[in-house]
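Visitor: Starting off with a structure, shown below.
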Amino acid sequence: MIPRFDEPVCHSVRYRERQGTYAIIPHGGLVLLTHQLEPKPEYQLPGGGVDSGEFPLAALIRETLEETGWKIQVVSRFGAYRRFAFLPDYGIWARKTCRIYLARPNMHAGPPLEESHSAVWATPTRAIEILSNEGDRAMMQRFIHGLERGSFVPGFHLPVRKGKSHLANPLRKLHCGAVAANRDFCRAGMKSRSTEIVFKF
């Protein structure tokens, strides 16, 4: 059964079925998020709705590029959740099924194509604190639990010791990894006004 998050079902509302694809994109101890200014400021997992006739993974790649300026490669299916919510971008109440994938960043193509969005790199623990959607936070928590159990994530180098996770209380090695990732982005010319690095230790 797909878990449900956010607002309870309102039986007086007619909901429209809506499909969405989103990604957890780890790299060098950080994960890629998008910050949306309108219609209200919030942090989100990159991705969005699947247009009519569009393949879900094509929609994920397109939406991530539009929202973050990053081209990605989808690695695997990760999970799914459902939410009943009003979608201000479309002016509808929706029964939305959100499918989550793991992906890796391939290339920073430039600033986000959507003017109201910006790319944000954050530690996984910080992402849980700032993500606006309860379902997104649950998926990120599941991602962290996988790392604590020693799951291998390509391109994600986070120190996890047996019996003690560095995620609950990040130590100096994680800090250095995040700073090194930021330095690598700068050297590659990837950092711009559209890219923000969020740390919390």
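Going through the structure tokens in order, the chains are called A, B, and so on, while each chain numbers its residues from 1 and the ligands are numbered from 1 in the order shown.
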Excluding segment 128-144 of chain A and residues on its chain fewer than 2 positions from it, collect all residues at most 8 Å away from it, counting only C-alpha atoms, and give them as a list in words.
Guide: Arg4, Phe5, Asp6, Ile24, Glu42, Tyr43, Gln44, Leu45, Gly79, Tyr81, Arg82, Arg83, Ile100, Pro124, Thr125, Arg126, Gly146, Leu147, Glu148 and Leu167 of chain A
Visitor: For the structure I just gave you, how does DSSP split segment 27-120 of chain A - specifically, which residues are alpha helix (DSSP H)? Reply as an NGL selection string.
Guide: :A and (56-68)
Visitor: If you measure from atom CA of Arg104 of chain A to atom CA of Val31 of chain A, what distance in Å do you get, rounded to one decimal?
Guide: 9.7 Å
Visitor: Could you check which of A:Glu67, A:Lys96, A:Pro111, A:Met1 is closest to His35 of chain A, using only C-alpha atoms?
Guide: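 Counting only C-alpha atoms, the residue closest to His35 of chain A is A:Glu67.
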Visitor: When you draw a straight line from atom CA of Ala85 of chain A to atom CA of Tyr15 of chain A, how long is it in Å?
Guide: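 Rounded to one decimal, the two atoms are 8.5 Å apart.
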Visitor: Residues near Gly53 of chain A, anyone? I mean within 12 Å using only C-alpha atoms, not counting same-chain ones fewer than 5 positions away, as a JSON list (two decimals) with N, CA and C atoms, in the first residue's frame.
Guide:
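The result, stored in part-v1.json:
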[["chain", "number", "residue", "atom", "x", "y", "z"],
["A", 19, "GLN", "N", -0.25, 12.59, -11.63],
["A", 19, "GLN", "CA", 0.98, 11.81, -11.45],
["A", 19, "GLN", "C", 2.18, 12.75, -11.37],
["A", 58, "ALA", "N", 11.00, 10.78, -18.44],
["A", 58, "ALA", "CA", 11.26, 11.96, -19.27],
["A", 58, "ALA", "C", 10.78, 13.22, -18.55],
["A", 59, "ALA", "N", 9.65, 13.10, -17.86],
["A", 59, "ALA", "CA", 9.14, 14.24, -17.09],
["A", 59, "ALA", "C", 10.08, 14.60, -15.96]]
Visitor: For Ala109 of chain A, which residue among A:Thr123, A:Thr21, A:Thr68, A:Thr34 is the nearest when counting only C-alpha atoms?
Guide: A:Thr68
Visitor: Write out as a list in words each polymer residue whose atoms come within 9 Å of segment 64-66 of chain A, counting only C-alpha atoms; drop sequence neighbours fewer than 5 positions from it.
Guide: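 In the requested format, the answer is Tyr22, Ala23, Thr34, Leu45, Pro46, Gly47, Gly48, Ala59, Lys71, Ile72, His108, Ala109, Gly110, Pro111, Pro112, Leu113, Glu114 and His117 of chain A.
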Visitor: Go ahead and save the picked residues with C-alpha atoms, as a PDB file, in the first residue's frame.
Guide:
ATOM      1  CA  TYR A  22      10.681  13.334  -8.150  1.00  0.00           C
ATOM      2  CA  ALA A  23      14.301  12.494  -7.395  1.00  0.00           C
ATOM      3  CA  THR A  34      15.013  23.102  -5.497  1.00  0.00           C
ATOM      4  CA  LEU A  45      12.667  17.490  -4.179  1.00  0.00           C
ATOM      5  CA  PRO A  46      13.406  18.215  -7.853  1.00  0.00           C
ATOM      6  CA  GLY A  47      10.713  16.971 -10.209  1.00  0.00           C
ATOM      7  CA  GLY A  48       7.080  17.613 -10.954  1.00  0.00           C
ATOM      8  CA  ALA A  59       9.135  14.240 -17.091  1.00  0.00           C
ATOM      9  CA  LYS A  71      20.980  17.256 -16.184  1.00  0.00           C
ATOM     10  CA  ILE A  72      20.572  13.948 -14.380  1.00  0.00           C
ATOM     11  CA  HIS A 108      25.242  21.573 -14.642  1.00  0.00           C
ATOM     12  CA  ALA A 109      23.770  23.135 -17.779  1.00  0.00           C
ATOM     13  CA  GLY A 110      23.229  26.617 -16.332  1.00  0.00           C
ATOM     14  CA  PRO A 111      20.701  28.530 -14.236  1.00  0.00           C
ATOM     15  CA  PRO A 112      17.243  26.999 -13.753  1.00  0.00           C
ATOM     16  CA  LEU A 113      14.913  27.576 -16.692  1.00  0.00           C
ATOM     17  CA  GLU A 114      12.085  28.481 -14.316  1.00  0.00           C
ATOM     18  CA  HIS A 117      13.312  28.297  -8.818  1.00  0.00           C
TER      19      HIS A 117
END
Visitor: Can you work out the spacing between atom CA of Asn106 of chain A and atom CA of Trp70 of chain A in Å, to one decimal?
Guide: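 Between atom CA of Asn106 of chain A and atom CA of Trp70 of chain A the gap is 7.3 Å.
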Visitor: From segment 2-123 of chain A, collect each residue whose DSSP state is strand (DSSP E) and return the set as a ChimeraX atom specification.
Guide: /A:4-5,16-24,26-27,30-36,42-44,47-49,70-87,92-108,117-122
Visitor: Which polymer residues have any atom within 7 Å of an atom of Ala94 of chain A, counting only C-alpha atoms, with same-chain residues fewer than 2 positions away left out, as a list in words?
Guide: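 The filter keeps Tyr15, Arg16, Glu17, Arg18, Phe84, Ala85, Phe86, Leu87, Ile92 and Lys96 of chain A.
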Visitor: Smallest atom-to-atom distance to Gln73 of chain A: which of A:Gln36, A:Ser12, A:Gly91, A:Ile25, using only C-alpha atoms?
Guide: A:Ile25
